[in-house]
Amino acid sequence: LLVAIGAFSLAYGDPLLTGERPGFLSPTLTFLYIFAMHVLNHFLDKGASAYNDPERARFLARFRSLLVLLAVTAMVAALVVSYLAGPISFLVLIGLSLAGIVYGVPLLPARLRRRYRYRSLKDLPGSRSLSEALAWTVFIAILPAWEKNHLLSLPTIFSSSIIFALAYARAIFFSIFQVQGDLIVGKETLPIALGIARTLRLLGIVLVAAGLLLLIGLPLGVVRPFGYALFLPLLTLCLCLLAYQRQWLSPGISFEGLLEGNFVLAGYLALIWQIAS
């Protein structure tokens, strides 16, 4: 639920980066899709989650029927909202939902699966983090601009790149937190392929890139003044990275809540900015 609220908050603030007026249709669609896919992916990835967070795994097992019902209901509601948003949003939602199914399905025949390491798209190193970030970017920044025929405008390109960097940083964080369970079940994620140290350096580069996009876009006018407010959640994300490197905080529900809170903070700042404007 907190993941979906964070995505909703970031989707609410994104239009302010391009000079548009925030609404609730696109953030609601983002909330419903992210909630549905996040819950369903927990059940598809139950092997690793049992080692990463046994308490959460027990919770998922206990309330499996209720959670699946909520996820399916959210996906149906997302289809309705996407239809209201426009034909492009509706078709993209269907396409991404089908892609999410194909992502976890083995693409090789059963007799060939033992010969090859990469049997499905999810087996590719780093694919999970990248796919999560792309999904966030599509629903938060690309779809609303596409519906308004602003897809190739410079402000949209900058805002989409900033959203992608923030979402990718979040996904990298969680791939690091889940490395123990992924190792046990044999999943080759980004931290396992690169190593923790290199992954942390990549995370730092992504956060610096987000900051540079804001610094370049603001003077040029392709990023609206709300970009100055977005430096605050970006700074707190950098502090989260420092806290992990210095071992001030250990991976767990508190650290996860702190990470997701950065995106909720972006939504609160957007609401305050809009009221003040």
# chains A, B, ... in the order shown; residues from 1 in each chain; ligands from 1
>>> residues_around(residues="Leu214 in chain A", least_positions_apart="5", cutoff="12 Å", atoms="only C-alpha atoms", output="number ranges by chain")
A: 17-18, 155, 158-163, 165-166, 207-209, 219-232, 234
>>> closest_residue(among="A:Ala71, A:Ile140, A:Phe59, A:Gly86", to="Thr30 in chain A", atoms="only C-alpha atoms")
A:Ile140
>>> closest_residue(among="A:Leu237, A:Leu249, A:Ile157, A:Leu151", to="Arg170 in chain A", atoms="only C-alpha atoms")
A:Leu237
>>> closest_residue(among="A:Ser127, A:Ala135, A:Gly6, A:Phe24", to="Met37 in chain A", atoms="only C-alpha atoms")
A:Ala135
>>> closest_residue(among="A:Ala276, A:Ile253, A:Leu269, A:Ile196", to="Leu2 in chain A", atoms="only C-alpha atoms")
A:Ile253
>>> residues_around(residues="Val68 in chain A", least_positions_apart="5", cutoff="9 Å", atoms="only C-alpha atoms", output="list in words")
Ala36, Val39, Leu40, Phe43, Phe63 and Thr73 of chain A
>>> residues_around(residues="Ser277 in chain A", least_positions_apart="3", cutoff="12 Å", atoms="only C-alpha atoms", output="short mmCIF file (atom, residue, chain, number, x, y, z; two decimals) with N, CA, C and O atoms, in the first residue's frame")
data_model
loop_
_atom_site.label_atom_id
_atom_site.label_comp_id
_atom_site.auth_asym_id
_atom_site.auth_seq_id
_atom_site.Cartn_x
_atom_site.Cartn_y
_atom_site.Cartn_z
N LEU A 16 3.71 19.26 -12.37
CA LEU A 16 4.28 20.55 -11.98
C LEU A 16 5.68 20.74 -12.55
O LEU A 16 6.15 21.88 -12.66
N GLY A 19 4.88 22.20 -16.03
CA GLY A 19 4.00 23.36 -16.08
C GLY A 19 2.54 23.04 -16.25
O GLY A 19 1.73 23.93 -16.50
N ARG A 21 -1.22 21.44 -14.82
CA ARG A 21 -1.97 21.44 -13.57
C ARG A 21 -2.18 20.00 -13.11
O ARG A 21 -2.68 19.17 -13.88
N PRO A 225 9.71 25.66 -11.92
CA PRO A 225 10.30 25.93 -10.60
C PRO A 225 10.01 24.89 -9.53
O PRO A 225 10.75 24.81 -8.54
N PHE A 226 8.97 24.06 -9.69
CA PHE A 226 8.73 23.00 -8.71
C PHE A 226 9.92 22.06 -8.61
O PHE A 226 10.09 21.36 -7.61
N LEU A 269 4.88 17.93 -1.09
CA LEU A 269 5.47 19.18 -1.58
C LEU A 269 4.70 19.71 -2.79
O LEU A 269 4.51 20.92 -2.93
N ALA A 270 4.25 18.81 -3.67
CA ALA A 270 3.47 19.22 -4.83
C ALA A 270 2.14 19.84 -4.40
O ALA A 270 1.71 20.87 -4.97
N LEU A 271 1.50 19.24 -3.40
CA LEU A 271 0.23 19.78 -2.92
C LEU A 271 0.42 21.15 -2.29
O LEU A 271 -0.35 22.09 -2.57
N ILE A 272 1.46 21.30 -1.47
CA ILE A 272 1.75 22.60 -0.85
C ILE A 272 2.10 23.63 -1.92
O ILE A 272 1.65 24.79 -1.86
N TRP A 273 2.89 23.20 -2.91
CA TRP A 273 3.28 24.12 -3.99
C TRP A 273 2.06 24.60 -4.76
O TRP A 273 1.95 25.78 -5.08
N GLN A 274 1.13 23.70 -5.04
CA GLN A 274 -0.06 24.06 -5.80
C GLN A 274 -0.94 25.01 -5.00
O GLN A 274 -1.47 25.99 -5.55
#
>>> select_by_dssp(residues="range 146-190 of chain A", states="helix (DSSP H, G or I)", output="ChimeraX atom specification")
/A:146-147,154-177,179-185,190
>>> residues_around(residues="Tyr12 in chain A", least_positions_apart="2", cutoff="8 Å", atoms="only C-alpha atoms", output="PyMOL selection string")
chain A and resi 8-10+14-15+22-24+26-27+267+270
>>> closest_residue(among="A:Gln245, A:Asn262, A:Ser65, A:Ser97", to="Leu200 in chain A", atoms="only C-alpha atoms")
A:Gln245
>>> atom_distance(atom1="CA of Leu258 in chain A", atom2="CA of Cys240 in chain A")
8.0 Å
>>> atom_distance(atom1="CA of Leu218 in chain A", atom2="CA of Leu134 in chain A")
23.7 Å
